[in-house]
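final.tsv, holding TSV, C-alpha atoms and all ligand atoms:
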```
chain	number	residue	atom	x	y	z
A	383	MET	CA	18.56	-26.82	7.21
A	384	LYS	CA	19.38	-24.23	9.88
A	385	ASN	CA	19.56	-26.13	13.16
A	386	ILE	CA	18.46	-24.50	16.39
A	387	VAL	CA	19.85	-25.92	19.65
A	388	ILE	CA	18.03	-24.82	22.80
A	389	LEU	CA	19.62	-24.92	26.27
A	390	VAL	CA	17.34	-25.13	29.32
A	391	SER	CA	17.75	-25.59	33.05
A	392	GLY	CA	14.14	-25.63	34.24
A	393	GLY	CA	10.54	-25.81	33.16
A	394	GLY	CA	11.24	-24.91	29.57
A	395	SER	CA	8.16	-22.81	28.86
A	396	ASN	CA	10.16	-20.51	26.55
A	397	MET	CA	11.54	-23.56	24.76
A	398	ALA	CA	7.99	-24.89	24.39
A	399	ALA	CA	6.83	-21.53	23.00
A	400	ILE	CA	9.63	-21.61	20.41
A	401	VAL	CA	8.79	-25.19	19.40
A	402	ARG	CA	5.09	-24.30	19.15
A	403	GLU	CA	5.80	-21.29	16.94
A	404	ALA	CA	8.21	-23.32	14.77
A	405	GLN	CA	5.34	-25.74	14.14
A	406	ARG	CA	2.62	-23.11	13.75
A	407	ALA	CA	4.59	-20.97	11.32
A	408	ASN	CA	6.17	-24.01	9.63
A	409	TRP	CA	9.75	-22.80	10.07
A	410	ARG	CA	11.02	-25.78	8.02
A	411	GLU	CA	9.35	-24.38	4.92
A	412	THR	CA	9.38	-20.67	5.67
A	413	LEU	CA	12.83	-20.32	7.27
A	414	GLY	CA	14.53	-23.60	6.40
A	415	ALA	CA	15.00	-24.04	10.14
A	416	GLN	CA	14.23	-26.64	12.79
A	417	VAL	CA	14.67	-27.16	16.52
A	418	ALA	CA	17.29	-29.90	16.36
A	419	ALA	CA	17.97	-30.50	20.04
A	420	VAL	CA	17.22	-29.45	23.59
A	421	ILE	CA	20.10	-29.76	26.05
A	422	SER	CA	19.99	-29.28	29.82
A	423	ASN	CA	22.59	-29.02	32.57
A	424	ARG	CA	20.04	-30.55	34.95
A	425	PRO	CA	18.80	-34.12	34.48
A	426	ASP	CA	15.48	-33.22	36.14
A	427	ALA	CA	14.66	-30.23	33.92
A	428	GLY	CA	10.99	-30.35	32.94
A	429	GLY	CA	11.91	-28.96	29.52
A	430	LEU	CA	13.57	-32.27	28.60
A	431	ARG	CA	10.31	-34.18	28.94
A	432	LEU	CA	8.44	-31.58	26.92
A	433	ALA	CA	11.04	-31.83	24.16
A	434	SER	CA	10.96	-35.64	24.11
A	435	GLU	CA	7.19	-35.54	23.75
A	436	GLN	CA	7.73	-33.43	20.63
A	437	LYS	CA	10.22	-36.03	19.29
A	438	ILE	CA	13.10	-33.57	19.60
A	439	ALA	CA	16.54	-34.96	20.47
A	440	THR	CA	17.53	-34.28	24.08
A	441	ALA	CA	20.77	-34.49	26.03
A	442	VAL	CA	21.99	-33.79	29.55
A	443	VAL	CA	25.40	-32.35	30.35
A	444	ASP	CA	25.31	-32.21	34.13
A	445	HIS	CA	27.55	-29.41	35.41
A	446	LYS	CA	28.03	-31.34	38.66
A	447	ASN	CA	30.16	-33.87	36.79
A	448	PHE	CA	32.83	-31.33	35.84
A	449	PRO	CA	35.60	-29.78	37.95
A	450	ASP	CA	35.25	-26.23	36.58
A	451	ARG	CA	33.36	-24.01	34.15
A	452	GLU	CA	35.92	-24.52	31.37
A	453	ALA	CA	35.52	-28.30	31.46
A	454	PHE	CA	31.73	-28.07	31.58
A	455	ASP	CA	31.56	-25.58	28.73
A	456	ALA	CA	33.91	-27.70	26.59
A	457	ALA	CA	31.71	-30.77	27.08
A	458	LEU	CA	28.57	-28.75	26.43
A	459	ALA	CA	30.03	-27.28	23.22
A	460	GLN	CA	30.89	-30.76	22.01
A	461	VAL	CA	27.29	-31.94	22.43
A	462	ILE	CA	25.93	-28.74	20.86
A	463	ASP	CA	28.28	-29.00	17.87
A	464	GLY	CA	27.10	-32.57	17.27
A	465	HIS	CA	23.84	-30.96	16.13
A	466	ARG	CA	25.61	-28.54	13.75
A	467	PRO	CA	23.80	-25.46	15.06
A	468	THR	CA	23.14	-22.29	13.15
A	469	LEU	CA	21.68	-20.76	16.31
A	470	VAL	CA	22.12	-21.57	20.01
A	471	VAL	CA	19.24	-20.39	22.19
A	472	LEU	CA	19.49	-19.96	25.97
A	473	ALA	CA	15.98	-20.44	27.36
A	474	GLY	CA	16.15	-20.28	31.13
A	475	PHE	CA	19.67	-21.71	31.06
A	476	MET	CA	20.98	-20.77	34.49
A	477	ARG	CA	24.72	-21.10	34.04
A	478	ILE	CA	27.37	-18.42	33.66
A	479	LEU	CA	29.22	-19.16	30.42
A	480	THR	CA	32.97	-18.81	29.88
A	481	PRO	CA	34.26	-16.21	27.38
A	482	GLY	CA	35.60	-19.07	25.23
A	483	PHE	CA	32.13	-20.59	24.93
A	484	VAL	CA	30.54	-17.23	24.12
A	485	ASP	CA	33.19	-16.47	21.48
A	486	ARG	CA	32.67	-19.85	19.82
A	487	TYR	CA	29.03	-18.95	19.06
A	488	ALA	CA	29.47	-15.19	18.62
A	489	GLY	CA	26.56	-13.65	16.73
A	490	ARG	CA	24.49	-16.83	16.94
A	491	LEU	CA	24.00	-17.19	20.70
A	492	VAL	CA	20.86	-15.56	22.11
A	493	ASN	CA	19.39	-15.22	25.58
A	494	ILE	CA	16.17	-14.02	27.15
A	495	HIS	CA	16.39	-12.19	30.44
A	496	PRO	CA	13.38	-11.29	32.60
A	497	SER	CA	14.04	-7.56	32.93
A	498	LEU	CA	14.29	-4.48	30.78
A	499	LEU	CA	18.07	-4.61	30.31
A	500	PRO	CA	20.32	-2.85	31.07
A	501	ALA	CA	18.25	-2.62	34.27
A	502	PHE	CA	18.49	-5.58	36.64
A	503	PRO	CA	20.99	-8.02	35.18
A	504	GLY	CA	21.46	-11.12	37.33
A	505	LEU	CA	18.98	-12.85	39.61
A	506	HIS	CA	15.74	-11.87	41.43
A	507	THR	CA	14.83	-9.35	38.74
A	508	HIS	CA	11.12	-9.14	39.58
A	509	GLN	CA	11.62	-8.62	43.30
A	510	ARG	CA	14.24	-5.95	42.59
A	511	ALA	CA	11.92	-4.16	40.14
A	512	ILE	CA	9.10	-4.15	42.73
A	513	GLU	CA	11.42	-2.92	45.49
A	514	ALA	CA	12.79	-0.15	43.26
A	515	GLY	CA	9.24	1.10	42.69
A	516	CYS	CA	9.38	0.50	38.92
A	517	GLN	CA	6.10	1.20	37.15
A	518	VAL	CA	7.02	-1.04	34.26
A	519	ALA	CA	8.98	-4.27	33.96
A	520	GLY	CA	9.56	-6.68	31.13
A	521	ALA	CA	11.90	-8.98	29.28
A	522	THR	CA	14.79	-8.61	26.85
A	523	VAL	CA	16.05	-10.85	24.05
A	524	HIS	CA	19.71	-10.13	23.37
A	525	LEU	CA	22.79	-11.49	21.68
A	526	VAL	CA	25.12	-12.97	24.27
A	527	THR	CA	28.49	-11.35	24.95
A	528	PRO	CA	31.00	-12.34	27.63
A	529	GLN	CA	29.51	-9.85	30.11
A	530	LEU	CA	26.55	-11.40	31.96
A	531	ASP	CA	23.12	-10.21	30.72
A	532	HIS	CA	24.62	-7.68	28.30
A	533	GLY	CA	24.87	-7.58	24.54
A	534	PRO	CA	22.97	-6.11	21.61
A	535	ILE	CA	19.24	-5.98	22.28
A	536	LEU	CA	17.06	-7.74	19.69
A	537	GLU	CA	13.62	-7.28	21.22
A	538	GLN	CA	11.93	-6.16	24.44
A	539	ALA	CA	8.46	-6.47	25.93
A	540	VAL	CA	7.09	-4.10	28.55
A	541	VAL	CA	4.44	-4.95	31.15
A	542	PRO	CA	3.01	-2.82	33.96
A	543	VAL	CA	3.96	-3.36	37.59
A	544	LEU	CA	0.61	-3.28	39.40
A	545	ALA	CA	-0.10	-2.10	42.92
A	546	GLY	CA	0.36	-4.97	45.34
A	547	ASP	CA	2.20	-7.13	42.81
A	548	THR	CA	4.04	-10.13	44.22
A	549	GLU	CA	7.20	-11.45	42.65
A	550	GLN	CA	5.21	-14.43	41.34
A	551	ALA	CA	2.45	-12.29	39.83
A	552	LEU	CA	4.93	-10.06	38.04
A	553	ALA	CA	7.02	-13.03	36.89
A	554	GLY	CA	3.94	-14.63	35.34
A	555	ARG	CA	2.98	-11.43	33.54
A	556	VAL	CA	6.50	-11.08	32.16
A	557	LEU	CA	6.78	-14.76	31.21
A	558	SER	CA	3.66	-14.67	29.05
A	559	GLN	CA	5.27	-11.84	27.06
A	560	GLU	CA	8.57	-13.74	26.84
A	561	HIS	CA	6.65	-16.44	24.97
A	562	VAL	CA	5.64	-13.84	22.38
A	563	ILE	CA	8.91	-12.01	21.81
A	564	TYR	CA	11.40	-14.88	21.96
A	565	PRO	CA	10.05	-16.91	19.01
A	566	ARG	CA	9.60	-13.68	17.03
A	567	ALA	CA	13.16	-12.48	17.67
A	568	ILE	CA	14.54	-15.92	16.79
A	569	ALA	CA	12.63	-16.03	13.50
A	570	ARG	CA	13.96	-12.59	12.59
A	571	LEU	CA	17.53	-13.52	13.50
A	572	LEU	CA	17.33	-16.79	11.55
A	573	ARG	CA	16.52	-14.88	8.40
A	574	SER	CA	19.88	-13.11	8.69
A	575	LEU	CA	22.02	-16.18	9.50
B	601	LIG	C1	12.41	-17.10	32.18
B	601	LIG	O1	11.70	-16.11	32.87
B	601	LIG	C2	13.72	-16.54	31.66
B	601	LIG	O2	13.62	-15.22	31.23
B	601	LIG	C3	14.58	-16.65	32.88
B	601	LIG	O3	14.25	-17.88	33.46
B	601	LIG	C4	12.89	-18.19	33.14
B	601	LIG	C5	12.85	-19.57	32.51
B	601	LIG	O4	11.55	-20.04	32.34
B	601	LIG	N1	15.95	-16.57	32.53
B	601	LIG	C6	16.89	-16.03	33.32
B	601	LIG	O5	16.65	-15.59	34.41
B	601	LIG	C7	18.29	-16.04	32.72
B	601	LIG	N2	19.12	-15.10	33.39
B	601	LIG	P1	11.25	-21.28	31.38
B	601	LIG	O6	12.20	-22.41	31.79
B	601	LIG	O7	9.84	-21.63	31.68
B	601	LIG	O8	11.47	-20.84	29.97
```

Go ahead and express the file in the form of structure tokens.
Amino acid sequence: MKNIVILVSGGGSNMAAIVREAQRANWRETLGAQVAAVISNRPDAGGLRLASEQKIATAVVDHKNFPDREAFDAALAQVIDGHRPTLVVLAGFMRILTPGFVDRYAGRLVNIHPSLLPAFPGLHTHQRAIEAGCQVAGATVHLVTPQLDHGPILEQAVVPVLAGDTEQALAGRVLSQEHVIYPRAIARLLRSL
């Protein structure tokens, strides 16, 4: 069985979309894959509750308990590796990862970022797109490399930026497309792993 480990920091709607698609498309039978665990760096992440409700193993590795990024990433990797992952999925995981961590999962570590990369890496992507006068915005699924929000692009979704858009309105429009492209990109990648 190809184990998928999902890392979240917040609400976990992308994680939930992946779990839903895994059930709908019966990934166990069709891909020999399962969501094995959901891990968060924040004990209060809503995604943990959602995962527990689906009977998926959960764990917390709280970054506040570690002196530096190296120590946190080492502890996180230990918990991840306990689930023998084929694929590690960052789904709203809001931590900068060390090069050592990224190298450990090279080629099997994916992220979704709420912009059309390489435009707008980093934070506040929607506000920056509105302020720049962009007519389109979107989201990108990519393989993770040591450089933040870079790496080979697996899939993108494009949405319009509408007149008078607020950051929240645009974020919601992008997020609903994230829920479409992330499970699809993961299924495609799993076939090659
Ligand atoms: C999503 O929009 C995701 O693209 C973004 O955080 C949100 C998480 O929502 N990720 C990043 O900004 C990573 N740089 P979710 O917890 O509901 O999936």

Centre and edge lengths, as lines of an AutoDock Vina configuration file, for the axis-aligned box enclosing every listed atom of segment 539-552 of chain A with 8 Å of padding on each of the six sides, in Å to one decimal?
```
center_x = 4.2
center_y = -8.3
center_z = 35.6
size_x = 24.6
size_y = 28.3
size_z = 35.4
```

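Nearest-residue note for ligand LIG 601 (chain B): choosing from A:Ala433, A:Met476, A:Ile535, A:Ala567, the minimum distance belongs to A:Met476, counting all atoms listed in the file.
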
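Every residue having at least one atom no farther than 6 Å from ligand LIG 601 (chain B) is included below, with all atoms listed in the file taken into account: Gly392, Gly393, Gly394, Ser395, Asn396, Met397, Ala473, Gly474, Met476, Ile494, His495, Pro496 and Leu557 of chain A.
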
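Neighbours of Ser391 of chain A closer than or equal to 10 Å, with only C-alpha atoms counted and sequence neighbours fewer than 6 positions away skipped, come out as Ile421, Ser422, Asn423, Arg424, Pro425, Asp426, Ala427, Gly428, Gly429, Leu430, Val442, Leu472, Ala473, Gly474, Phe475, Met476 and Arg477 of chain A.
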
Tell me which protein, DNA and RNA residues are within 12 Å of Asp463 of chain A, counting all atoms listed in the file, leaving out same-chain ones fewer than 6 positions away, and put them as an mmCIF file with C-alpha atoms, in the frame of the given file.
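In the end it all went to result-v4.cif:
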```
data_model
loop_
_atom_site.group_PDB
_atom_site.id
_atom_site.type_symbol
_atom_site.label_atom_id
_atom_site.label_comp_id
_atom_site.auth_asym_id
_atom_site.auth_seq_id
_atom_site.Cartn_x
_atom_site.Cartn_y
_atom_site.Cartn_z
ATOM 1 C CA ASN A 385 19.560 -26.130 13.160
ATOM 2 C CA ILE A 386 18.460 -24.500 16.390
ATOM 3 C CA VAL A 387 19.850 -25.920 19.650
ATOM 4 C CA ALA A 418 17.290 -29.900 16.360
ATOM 5 C CA ALA A 419 17.970 -30.500 20.040
ATOM 6 C CA ILE A 421 20.100 -29.760 26.050
ATOM 7 C CA ASP A 455 31.560 -25.580 28.730
ATOM 8 C CA ALA A 456 33.910 -27.700 26.590
ATOM 9 C CA ALA A 457 31.710 -30.770 27.080
ATOM 10 C CA LEU A 469 21.680 -20.760 16.310
ATOM 11 C CA VAL A 470 22.120 -21.570 20.010
ATOM 12 C CA PHE A 483 32.130 -20.590 24.930
ATOM 13 C CA ARG A 486 32.670 -19.850 19.820
ATOM 14 C CA TYR A 487 29.030 -18.950 19.060
#
```

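Distance-wise, atom CA of Val390 of chain A and atom CA of Leu491 of chain A end up 13.5 Å apart.
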
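Here atom CA of Gln559 of chain A is placed at a distance of 25.8 Å from atom CA of Ala488 of chain A.
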
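Picture a line from atom CA of Val420 of chain A to atom CA of Ala439 of chain A; it runs 6.4 Å.
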
Find the spatial neighbours of Asp531 of chain A, counting only C-alpha atoms, within a cut-off of 10 Å - ignore same-chain residues fewer than 6 positions away - and output them as a PyMOL selection string.
chain A and resi 478+493-497+499-504+522-525

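Considering all atoms listed in the file, the residue among A:Val543, A:Leu498, A:Leu536, A:Pro481 positioned nearest to Gln517 of chain A is A:Val543.
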
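Here the question is which of A:Leu479, A:Val492, A:Ala398, A:Met383 gets nearest to Thr412 of chain A using only C-alpha atoms, and that residue is A:Met383.
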
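Shortest atom-to-atom contact with Gln416 of chain A among A:Leu389, A:Phe448, A:His561, A:Leu572: A:Leu572, counting all atoms listed in the file.
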
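Nearest to Gln529 of chain A of all the residues A:Asp485, A:Glu560, A:Glu549, A:Asp444 is A:Asp485, based on only C-alpha atoms.
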
Could you check the closest approach to Gly554 of chain A for each of A:Ala521, A:Ala441, A:Leu505, A:Leu530 and tell me which residue wins, using all atoms listed in the file?
A:Ala521

What lies within 12 Å of Lys384 of chain A using only C-alpha atoms, ignoring chain neighbours under 5 positions off, as a list in words?
Trp409, Arg410, Glu411, Thr412, Leu413, Gly414, Ala415, Gln416, Val417, Ala418, His465, Arg466, Pro467, Thr468, Leu469, Val470, Arg490, Ile568, Ala569, Leu571, Leu572, Arg573, Ser574 and Leu575 of chain A

Excluding same-chain residues fewer than 4 positions from Ala551 of chain A, what lies within 12 Å of it counting all atoms listed in the file, as a PDB file with C-alpha atoms, in the frame of the given file?
```pdb
ATOM      1  CA  HIS A 508      11.120  -9.140  39.580  1.00  0.00           C
ATOM      2  CA  GLN A 509      11.620  -8.620  43.300  1.00  0.00           C
ATOM      3  CA  ILE A 512       9.100  -4.150  42.730  1.00  0.00           C
ATOM      4  CA  ALA A 519       8.980  -4.270  33.960  1.00  0.00           C
ATOM      5  CA  VAL A 541       4.440  -4.950  31.150  1.00  0.00           C
ATOM      6  CA  PRO A 542       3.010  -2.820  33.960  1.00  0.00           C
ATOM      7  CA  VAL A 543       3.960  -3.360  37.590  1.00  0.00           C
ATOM      8  CA  LEU A 544       0.610  -3.280  39.400  1.00  0.00           C
ATOM      9  CA  ALA A 545      -0.100  -2.100  42.920  1.00  0.00           C
ATOM     10  CA  GLY A 546       0.360  -4.970  45.340  1.00  0.00           C
ATOM     11  CA  ASP A 547       2.200  -7.130  42.810  1.00  0.00           C
ATOM     12  CA  ARG A 555       2.980 -11.430  33.540  1.00  0.00           C
ATOM     13  CA  VAL A 556       6.500 -11.080  32.160  1.00  0.00           C
ATOM     14  CA  LEU A 557       6.780 -14.760  31.210  1.00  0.00           C
ATOM     15  CA  SER A 558       3.660 -14.670  29.050  1.00  0.00           C
TER      16      SER A 558
END
```
